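model.cif (mmCIF, C-alpha atoms and all ligand atoms)
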```cif
data_structure
loop_
_atom_site.label_atom_id
_atom_site.label_comp_id
_atom_site.auth_asym_id
_atom_site.auth_seq_id
_atom_site.Cartn_x
_atom_site.Cartn_y
_atom_site.Cartn_z
CA MET Z 7 16.39 2.59 22.26
CA ALA Z 8 13.69 2.49 19.63
CA PHE Z 9 11.83 -0.66 18.68
CA LEU Z 10 12.24 -1.43 14.97
CA ILE Z 11 8.93 -2.46 13.42
CA ASP Z 12 9.87 -5.39 11.19
CA GLY Z 13 7.73 -5.12 8.08
CA LYS Z 14 9.54 -7.97 6.40
CA LYS Z 15 8.72 -10.36 9.22
CA ILE Z 16 5.11 -9.21 9.63
CA SER Z 17 4.49 -9.36 5.86
CA SER Z 18 5.86 -12.92 5.83
CA GLN Z 19 3.49 -13.90 8.65
CA ILE Z 20 0.54 -12.47 6.70
CA LYS Z 21 1.61 -14.27 3.50
CA ASP Z 22 1.90 -17.55 5.43
CA GLU Z 23 -1.60 -17.08 6.88
CA LEU Z 24 -2.94 -16.42 3.38
CA LYS Z 25 -1.09 -19.43 1.98
CA THR Z 26 -2.94 -21.68 4.46
CA GLU Z 27 -6.25 -20.01 3.63
CA ILE Z 28 -5.71 -20.42 -0.11
CA ALA Z 29 -4.81 -24.10 0.30
CA GLU Z 30 -8.16 -24.55 2.10
CA MET Z 31 -9.98 -22.69 -0.70
CA LYS Z 32 -8.28 -24.89 -3.31
CA LYS Z 33 -9.51 -28.03 -1.51
CA LYS Z 34 -13.04 -26.67 -1.99
CA GLY Z 35 -12.36 -26.04 -5.68
CA THR Z 36 -11.75 -22.27 -5.55
CA GLU Z 37 -8.76 -20.84 -7.40
CA VAL Z 38 -7.67 -17.20 -6.95
CA THR Z 39 -6.36 -15.34 -10.02
CA LEU Z 40 -4.70 -11.93 -10.22
CA ALA Z 41 -4.02 -10.09 -13.49
CA VAL Z 42 -0.98 -7.81 -13.24
CA ILE Z 43 -0.56 -5.20 -15.95
CA GLN Z 44 2.61 -3.17 -16.50
CA VAL Z 45 2.87 -0.60 -19.28
CA GLY Z 46 6.42 0.32 -20.24
CA ASN Z 47 9.55 -0.77 -18.41
CA ASP Z 48 10.22 1.62 -15.56
CA PRO Z 49 12.89 -0.31 -13.59
CA ALA Z 50 11.34 0.27 -10.14
CA SER Z 51 7.91 -0.83 -11.43
CA SER Z 52 9.48 -3.97 -12.90
CA VAL Z 53 10.91 -4.82 -9.45
CA TYR Z 54 7.53 -4.30 -7.74
CA VAL Z 55 5.64 -6.27 -10.40
CA GLY Z 56 8.23 -9.07 -10.15
CA ASN Z 57 7.78 -9.13 -6.36
CA LYS Z 58 4.00 -9.27 -6.74
CA LYS Z 59 4.27 -12.26 -9.10
CA LYS Z 60 6.67 -13.98 -6.66
CA ALA Z 61 4.28 -13.38 -3.75
CA CYS Z 62 1.42 -14.87 -5.81
CA ALA Z 63 3.50 -17.96 -6.60
CA TYR Z 64 4.47 -18.34 -2.93
CA ILE Z 65 0.97 -18.21 -1.51
CA GLY Z 66 -0.75 -20.11 -4.33
CA ILE Z 67 -2.45 -17.37 -6.32
CA ARG Z 68 -2.42 -17.77 -10.10
CA SER Z 69 -0.99 -14.63 -11.71
CA LEU Z 70 -1.49 -13.53 -15.29
CA ALA Z 71 1.21 -11.10 -16.40
CA TYR Z 72 0.57 -8.48 -19.08
CA GLU Z 73 3.78 -6.66 -20.00
CA LEU Z 74 2.72 -4.02 -22.50
CA PRO Z 75 5.03 -1.73 -24.48
CA GLU Z 76 5.44 1.94 -23.55
CA SER Z 77 3.64 2.82 -26.82
CA THR Z 78 0.38 1.15 -25.68
CA THR Z 79 -2.54 3.56 -26.17
CA GLU Z 80 -5.10 4.36 -23.49
CA MET Z 81 -7.75 2.68 -25.66
CA GLU Z 82 -5.70 -0.53 -25.93
CA LEU Z 83 -5.26 -0.61 -22.16
CA LEU Z 84 -8.96 0.07 -21.57
CA THR Z 85 -9.84 -2.76 -23.97
CA LEU Z 86 -7.64 -5.20 -22.03
CA ILE Z 87 -9.19 -4.09 -18.72
CA ASP Z 88 -12.68 -4.57 -20.15
CA GLU Z 89 -11.76 -8.08 -21.27
CA LEU Z 90 -10.40 -8.92 -17.80
CA ASN Z 91 -13.44 -7.37 -16.09
CA ASN Z 92 -15.60 -9.80 -18.03
CA ARG Z 93 -13.52 -12.91 -17.38
CA LYS Z 94 -15.08 -15.08 -14.67
CA ASP Z 95 -11.72 -16.73 -13.96
CA VAL Z 96 -10.04 -13.42 -13.03
CA ASN Z 97 -10.60 -12.19 -9.46
CA GLY Z 98 -8.26 -9.22 -9.27
CA ILE Z 99 -6.85 -6.69 -11.74
CA LEU Z 100 -4.06 -4.25 -11.07
CA VAL Z 101 -2.32 -1.75 -13.30
CA GLN Z 102 1.12 -0.87 -11.94
CA LEU Z 103 1.47 2.88 -11.38
CA PRO Z 104 2.73 5.21 -12.67
CA VAL Z 105 1.44 4.63 -16.22
CA PRO Z 106 3.19 6.49 -19.08
CA ALA Z 107 2.28 10.18 -19.36
CA HIS Z 108 0.11 9.74 -22.48
CA ILE Z 109 -2.31 7.54 -20.51
CA ASN Z 110 -4.80 9.14 -18.11
CA GLU Z 111 -4.37 7.35 -14.76
CA LYS Z 112 -7.86 8.33 -13.57
CA HIS Z 113 -9.51 6.75 -16.65
CA ILE Z 114 -7.61 3.51 -15.96
CA ILE Z 115 -8.45 3.37 -12.26
CA GLU Z 116 -12.12 4.02 -12.99
CA ALA Z 117 -12.25 1.35 -15.72
CA ILE Z 118 -11.37 -1.52 -13.37
CA HIS Z 119 -14.51 -3.20 -12.00
CA PRO Z 120 -14.78 -2.16 -8.31
CA LEU Z 121 -15.15 -5.84 -7.29
CA LYS Z 122 -11.81 -6.64 -9.00
CA ASP Z 123 -10.00 -3.48 -7.90
CA VAL Z 124 -7.54 -5.17 -5.52
CA ASP Z 125 -5.51 -1.93 -5.27
CA GLY Z 126 -8.54 -0.21 -3.73
CA PHE Z 127 -8.07 2.87 -5.90
CA HIS Z 128 -11.52 2.96 -7.58
CA PRO Z 129 -13.73 5.83 -6.29
CA ARG Z 130 -16.38 3.25 -5.30
CA ASN Z 131 -13.88 1.52 -2.99
CA VAL Z 132 -12.61 4.83 -1.64
CA GLY Z 133 -16.23 5.79 -0.89
CA ALA Z 134 -16.83 2.44 0.82
CA LEU Z 135 -13.78 3.04 3.01
CA VAL Z 136 -15.13 6.43 4.08
CA THR Z 137 -18.61 5.11 4.90
CA GLY Z 138 -17.33 1.86 6.47
CA GLU Z 139 -18.85 -0.51 3.92
CA ASP Z 140 -17.29 -3.63 2.40
CA GLY Z 141 -14.69 -2.96 -0.28
CA PHE Z 142 -10.99 -3.00 -1.03
CA VAL Z 143 -8.64 -0.81 1.01
CA SER Z 144 -5.50 0.67 -0.55
CA CYS Z 145 -2.64 -1.69 0.28
CA THR Z 146 -0.01 0.65 1.78
CA PRO Z 147 -2.26 2.27 4.42
CA ALA Z 148 -3.95 -1.09 5.16
CA GLY Z 149 -0.45 -2.53 5.68
CA ILE Z 150 0.44 0.27 8.09
CA ILE Z 151 -2.59 -0.53 10.26
CA GLN Z 152 -1.45 -4.18 10.33
CA LEU Z 153 2.09 -3.11 11.29
CA LEU Z 154 0.71 -1.11 14.24
CA LYS Z 155 -1.75 -3.78 15.39
CA ARG Z 156 0.66 -6.68 15.09
CA SER Z 157 3.29 -4.66 17.00
CA ASN Z 158 0.73 -4.09 19.81
CA ILE Z 159 0.74 -0.33 19.27
CA ASP Z 160 -2.52 1.12 20.51
CA ILE Z 161 -4.25 3.52 18.08
CA ASP Z 162 -7.49 4.25 19.98
CA GLY Z 163 -7.56 7.84 21.26
CA LYS Z 164 -4.05 8.61 19.98
CA GLU Z 165 -2.99 11.83 18.23
CA CYS Z 166 -2.08 10.73 14.72
CA VAL Z 167 -0.51 13.07 12.18
CA VAL Z 168 -0.35 12.03 8.52
CA VAL Z 169 1.96 14.14 6.35
CA GLY Z 170 0.89 13.74 2.72
CA ARG Z 171 -2.55 13.80 1.11
CA SER Z 172 -2.27 11.44 -1.87
CA ASN Z 173 -5.29 9.33 -2.84
CA ILE Z 174 -3.19 6.17 -2.48
CA VAL Z 175 -1.59 6.76 0.93
CA GLY Z 176 -2.38 9.95 2.87
CA LYS Z 177 -6.16 10.19 2.51
CA PRO Z 178 -6.99 6.48 3.04
CA MET Z 179 -4.45 6.38 5.90
CA ALA Z 180 -6.30 9.17 7.70
CA ILE Z 181 -9.65 7.41 7.27
CA LEU Z 182 -8.28 4.08 8.53
CA LEU Z 183 -6.78 5.74 11.62
CA LEU Z 184 -10.10 7.50 12.22
CA ARG Z 185 -11.83 4.11 11.99
CA GLU Z 186 -9.51 2.97 14.83
CA ASN Z 187 -10.74 5.94 16.93
CA ALA Z 188 -7.59 8.05 16.60
CA THR Z 189 -7.63 11.85 16.52
CA VAL Z 190 -6.29 12.50 13.04
CA THR Z 191 -4.61 15.51 11.42
CA ILE Z 192 -3.59 15.53 7.75
CA CYS Z 193 -0.73 17.87 6.82
CA HIS Z 194 0.39 19.00 3.36
CA SER Z 195 2.41 21.63 1.54
CA HIS Z 196 0.20 24.48 2.79
CA THR Z 197 0.29 23.43 6.46
CA LYS Z 198 1.57 26.22 8.70
CA ASP Z 199 4.01 25.23 11.48
CA LEU Z 200 4.48 21.67 10.22
CA LYS Z 201 7.07 21.02 12.95
CA GLU Z 202 4.67 22.04 15.69
CA VAL Z 203 1.84 19.90 14.32
CA CYS Z 204 4.12 16.85 13.89
CA LYS Z 205 5.44 17.31 17.44
CA ARG Z 206 1.91 16.67 18.74
CA ALA Z 207 1.84 13.21 17.16
CA ASP Z 208 1.80 10.01 19.19
CA ILE Z 209 1.88 8.29 15.79
CA LEU Z 210 3.47 10.14 12.86
CA VAL Z 211 2.95 8.82 9.33
CA ALA Z 212 5.61 10.38 7.11
CA ALA Z 213 4.58 10.33 3.43
CA ILE Z 214 5.94 13.64 2.16
CA GLY Z 215 8.12 12.15 -0.60
CA LYS Z 216 11.35 13.97 0.39
CA PRO Z 217 14.44 11.98 1.47
CA LYS Z 218 15.30 12.25 5.20
CA PHE Z 219 12.99 15.28 5.57
CA PHE Z 220 11.85 14.53 9.13
CA ASN Z 221 14.58 15.06 11.73
CA ARG Z 222 14.24 15.22 15.52
CA ASP Z 223 12.74 18.75 15.35
CA TYR Z 224 9.50 17.13 14.11
CA ILE Z 225 9.24 14.33 16.65
CA LYS Z 226 7.76 14.14 20.15
CA GLU Z 227 9.69 12.01 22.60
CA GLY Z 228 8.28 8.46 22.63
CA ALA Z 229 6.39 8.86 19.33
CA VAL Z 230 5.81 5.98 16.91
CA VAL Z 231 7.09 6.88 13.44
CA ILE Z 232 5.89 5.20 10.24
CA ASP Z 233 8.10 6.00 7.27
CA VAL Z 234 6.33 5.60 3.91
CA GLY Z 235 9.07 7.17 1.76
CA ILE Z 236 11.36 5.17 -0.52
CA HIS Z 237 14.28 7.04 -2.08
CA ARG Z 238 17.51 5.90 -3.66
CA ASN Z 239 20.68 7.99 -3.31
CA GLU Z 240 23.62 8.23 -5.75
CA GLN Z 241 25.17 5.10 -4.24
CA ASN Z 242 21.87 3.25 -4.91
CA LYS Z 243 21.24 3.08 -1.14
CA LEU Z 244 17.61 3.26 0.04
CA CYS Z 245 16.32 5.75 2.58
CA GLY Z 246 12.92 7.02 3.69
CA ASP Z 247 11.29 10.37 4.45
CA VAL Z 248 12.69 10.19 7.99
CA ASP Z 249 16.29 10.84 9.04
CA ARG Z 250 16.37 7.67 11.09
CA ASP Z 251 19.82 8.20 12.65
CA ASP Z 252 18.74 11.60 13.94
CA VAL Z 253 15.46 10.45 15.55
CA MET Z 254 16.39 6.96 16.73
CA ASP Z 255 17.05 7.87 20.38
CA LEU Z 256 13.84 9.91 20.57
CA VAL Z 257 11.16 7.57 19.17
CA SER Z 258 9.61 4.52 20.87
CA ALA Z 259 9.19 2.63 17.58
CA ILE Z 260 9.98 3.23 13.93
CA THR Z 261 9.69 1.43 10.60
CA PRO Z 262 12.97 0.95 8.71
CA VAL Z 263 13.45 1.67 5.00
CA PRO Z 264 13.84 -0.82 3.42
CA GLY Z 265 11.98 -3.54 5.29
CA GLY Z 266 9.17 -1.53 6.89
CA VAL Z 267 6.09 -0.35 5.03
CA GLY Z 268 7.15 -1.50 1.52
CA PRO Z 269 6.82 -5.27 1.97
CA MET Z 270 3.42 -4.76 3.64
CA THR Z 271 2.04 -3.24 0.43
CA ILE Z 272 2.52 -6.55 -1.34
CA ALA Z 273 1.23 -8.66 1.58
CA MET Z 274 -1.97 -6.58 1.68
CA LEU Z 275 -2.36 -6.94 -2.08
CA MET Z 276 -2.37 -10.69 -1.53
CA TYR Z 277 -4.93 -10.20 1.26
CA ASN Z 278 -7.13 -8.20 -1.12
CA CYS Z 279 -6.95 -10.98 -3.74
CA VAL Z 280 -8.43 -13.42 -1.19
CA GLU Z 281 -10.94 -10.76 -0.15
CA ALA Z 282 -11.91 -10.45 -3.86
CA VAL Z 283 -13.19 -14.02 -3.88
CA ARG Z 284 -15.31 -13.32 -0.77
CA LEU Z 285 -16.73 -10.05 -2.12
CA GLN Z 286 -17.45 -11.55 -5.55
CA LYS Z 287 -19.36 -14.44 -3.93
CA THR Z 288 -21.63 -12.10 -1.98
CA GLU Z 289 -22.10 -9.23 -4.42
CA ARG Z 290 -21.94 -10.50 -7.97
N1 LIG Z 301 -0.91 -0.36 -8.83
C1 LIG Z 301 -0.08 0.06 -7.88
N2 LIG Z 301 0.96 0.84 -8.18
C2 LIG Z 301 1.79 1.27 -7.18
C3 LIG Z 301 1.57 0.89 -5.83
C4 LIG Z 301 0.44 0.08 -5.55
O1 LIG Z 301 0.14 -0.26 -4.37
N3 LIG Z 301 -0.35 -0.31 -6.59
N4 LIG Z 301 2.47 1.24 -4.83
C5 LIG Z 301 3.79 1.74 -5.22
C6 LIG Z 301 4.80 0.67 -5.58
N5 LIG Z 301 4.69 -0.60 -4.86
C7 LIG Z 301 3.76 -1.49 -5.24
O2 LIG Z 301 3.25 -1.51 -6.32
C8 LIG Z 301 5.68 -1.01 -3.91
C9 LIG Z 301 6.68 -0.16 -3.51
C10 LIG Z 301 7.67 -0.62 -2.65
C11 LIG Z 301 7.67 -1.92 -2.18
C12 LIG Z 301 8.76 -2.46 -1.32
O3 LIG Z 301 8.70 -3.58 -0.90
N6 LIG Z 301 9.82 -1.71 -1.07
C13 LIG Z 301 11.00 -2.21 -0.39
C14 LIG Z 301 12.22 -1.71 -1.12
C15 LIG Z 301 12.28 -2.30 -2.49
C16 LIG Z 301 13.38 -1.70 -3.36
O4 LIG Z 301 13.10 -0.71 -4.05
O5 LIG Z 301 14.47 -2.24 -3.36
C17 LIG Z 301 11.02 -1.76 1.05
O6 LIG Z 301 10.50 -0.68 1.33
O7 LIG Z 301 11.54 -2.51 1.85
C18 LIG Z 301 6.67 -2.74 -2.57
C19 LIG Z 301 5.67 -2.30 -3.41
C20 LIG Z 301 3.64 2.64 -6.44
N7 LIG Z 301 2.87 2.02 -7.47
MG MG Z 302 0.26 1.07 -2.61
#
```

I'd like the structure from this file rewritten - as structure tokens, please.
Ligand SMILES: Nc1nc2c(c(=O)[nH]1)N[C@@H](CN(C=O)c1ccc(C(=O)N[C@@H](CCC(=O)O)C(=O)O)cc1)CN2
Ligand SMILES: [Mg+2]
Amino acid sequence: MAFLIDGKKISSQIKDELKTEIAEMKKKGTEVTLAVIQVGNDPASSVYVGNKKKACAYIGIRSLAYELPESTTEMELLTLIDELNNRKDVNGILVQLPVPAHINEKHIIEAIHPLKDVDGFHPRNVGALVTGEDGFVSCTPAGIIQLLKRSNIDIDGKECVVVGRSNIVGKPMAILLLRENATVTICHSHTKDLKEVCKRADILVAAIGKPKFFNRDYIKEGAVVIDVGIHRNEQNKLCGDVDRDDVMDLVSAITPVPGGVGPMTIAMLMYNCVEAVRLQKTER
């Protein structure tokens, strides 16, 4: 039977480690501050932003919440980011995505100072990830590496297949796996024989964005499956990109949805806030 990779438990361990570290920093007079910006009131975004604020409160990070109306202009948002970039008491800035359609997401990501970009989305941080320099790593893929390592799943030399090529998950995921000496394949909508490619995977990262897309036809016996998808059905029940019931007897380990990758995104955001203080000390 498959081993369930418990993202809730592992994310709690990471938050507890950070809580201890932050208490030590506070004793030395260092406070960590995260500015969280939400534009509009998309219900899912409100849940994630609420969970980020709760995580900050739990581990001892000061959070500044900016809840802006849907009608906020790109210029108004850029002005707020500029103000936060210049505030010495703010270590991290994040703008919850997606932003409303009238705001250009790329302009927003690029406006955040790279040393405060705790989401790791700024091109400078993406470049640093590729070249192996210091910088912030996108939270979801960073969390997946932690899930694998803390579950004692070896990555070195493994065949890893990442399905999805977003800037936030797929691309940084592939680079992180490469950094761990995996053999990495990225698949996308133009990939021929997706089933055959996925069947080669020792570790399959499913980030295609389609509910229960991956059934047993895509999985090699004994594979480790990481499910990045989050979907809600008509009954408001959550599921991932993987048809877990169908693959359960085939895989050696799998992340559940909910309670797998999702909670790690927030734990790694907290990690990046602590990392922000370190990076700002050495590079500012
Ligand atoms: N600025 C950012 N925007 C977005 C990011 C991000 O990393 N930075 N990622 C996602 C949303 N996200 C965090 O912001 C996120 C998504 C899901 C979860 C999570 O814990 N999911 C739970 C289920 C929760 C539920 O919906 O009931 C789970 O999988 O167990 C946390 C964070 C897009 N935007
Ligand atoms: Mg993320």

Practice problem: Name the residues, by chain letter and number, that sit within 9 Å of ligand MG 302 (chain Z) using all atoms listed in the file, and give them as a PyMOL selection string. | Solution: chain Z and resi 125-126+144-147+174-175+268+271-272+275

To test the calculation: enclose all listed atoms of ligand LIG 301 (chain Z) in a box whose edges run along x, y and z, add 6 Å on each side, then state centre and edge lengths in Å to one decimal, as lines of an AutoDock Vina configuration file.
```
center_x = 6.8
center_y = -0.5
center_z = -3.5
size_x = 27.4
size_y = 18.2
size_z = 22.7
```

Leaving out Ala71 (chain Z) and any residue of its chain fewer than 5 positions from it, which residues lie within 9 Å of it when counting all atoms listed in the file, given as a compact mmCIF listing (two decimals) with C-alpha atoms, keeping the file's coordinate frame?
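And here is the file that came out, selection_28.txt:
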```txt
# COMPACT_ATOMS: atom_id res chain seq x y z
CA LEU Z 40 -4.70 -11.93 -10.22
CA ALA Z 41 -4.02 -10.09 -13.49
CA VAL Z 42 -0.98 -7.81 -13.24
CA ILE Z 43 -0.56 -5.20 -15.95
CA GLN Z 44 2.61 -3.17 -16.50
CA VAL Z 55 5.64 -6.27 -10.40
CA LYS Z 59 4.27 -12.26 -9.10
```

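The coordinates place CA of Leu74 (chain Z) at 17.7 Å from CA of Asn57 (chain Z).
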
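Residue neighbourhood of Val257 (chain Z), excluding near-sequence residues (fewer than 5 positions): Ala8, Glu227, Gly228 and Ala229 of chain Z, at 6 Å, using all atoms listed in the file.
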
Exercise. Would you list the contacts of Glu281 (chain Z) as an MDAnalysis selection string, taking every protein, DNA or RNA residue within 10 Å and counting only C-alpha atoms, but skipping same-chain residues closer than 3 positions in sequence?
Key: chainID Z and resid 38 97:98 121:122 124 140:142 275:278 284:287

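Ranking Z:Lys94, Z:Arg68, Z:His128, Z:Lys14 by their shortest atom-to-atom distance to ligand LIG 301 (chain Z), with all atoms listed in the file included, puts Z:Lys14 first.
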
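Going from CA of Ala134 (chain Z) to CA of Ala282 (chain Z) covers 14.6 Å.
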
Quiz item: Which of these residues is nearest to ligand LIG 301 (chain Z), using only C-alpha atoms and all ligand atoms: Z:Leu100, Z:Ile16, Z:Met274, Z:Val167?
Solution: Z:Leu100

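Relative to CA of Ala273 (chain Z), CA of Ile225 (chain Z) is found at 28.6 Å.
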
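Nearest residue to Gln102 (chain Z) among Z:Asp233, Z:Glu37, Z:Glu240, Z:Asp48 is Z:Asp48, counting only C-alpha atoms.
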
Quiz prompt | Shortest interatomic distance to Lys60 (chain Z) - which of Z:Ser172, Z:Lys21, Z:Val203, Z:Arg130, counting only C-alpha atoms | solution = Z:Lys21

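Counting all atoms listed in the file, the residue from Z:Met7, Z:Leu90, Z:Met254, Z:Ile232 that sits nearest to ligand LIG 301 (chain Z) is Z:Ile232.
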
Quiz prompt | Residues within 9 Å of (-7.7, -17.8, -17.1), counting only C-alpha atoms, listed as a list in words | solution = Thr39, Arg68, Leu70, Arg93, Lys94, Asp95 and Val96 of chain Z

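The closest residue to ligand LIG 301 (chain Z), picked from Z:Lys226, Z:Lys201, Z:Arg250, Z:Lys58 and counting all atoms listed in the file, is Z:Lys58.
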
Determine, counting all atoms listed in the file, which protein, DNA and RNA residues have an atom within 7 Å of an atom of Leu210 (chain Z); residues of the same chain fewer than 5 positions away are not included. Present the result as a tab-separated table (two decimals) with C-alpha atoms, keeping the file's coordinate frame.
```tsv
chain	number	residue	atom	x	y	z
Z	166	CYS	CA	-2.08	10.73	14.72
Z	167	VAL	CA	-0.51	13.07	12.18
Z	168	VAL	CA	-0.35	12.03	8.52
Z	204	CYS	CA	4.12	16.85	13.89
Z	230	VAL	CA	5.81	5.98	16.91
Z	231	VAL	CA	7.09	6.88	13.44
Z	232	ILE	CA	5.89	5.20	10.24
```

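When the distance limit is 7 Å and all atoms listed in the file are what count, the residues near Gly66 (chain Z), minus those fewer than 3 positions from it on the same chain, are Lys25, Ile28, Cys62 and Ala63 of chain Z.
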
Go ahead and write the residues just picked, C-alpha atoms, as a PDB file, keeping the file's coordinate frame.
```
ATOM      1  CA  LYS Z  25      -1.090 -19.430   1.980  1.00  0.00           C
ATOM      2  CA  ILE Z  28      -5.710 -20.420  -0.110  1.00  0.00           C
ATOM      3  CA  CYS Z  62       1.420 -14.870  -5.810  1.00  0.00           C
ATOM      4  CA  ALA Z  63       3.500 -17.960  -6.600  1.00  0.00           C
TER       5      ALA Z  63
END
```
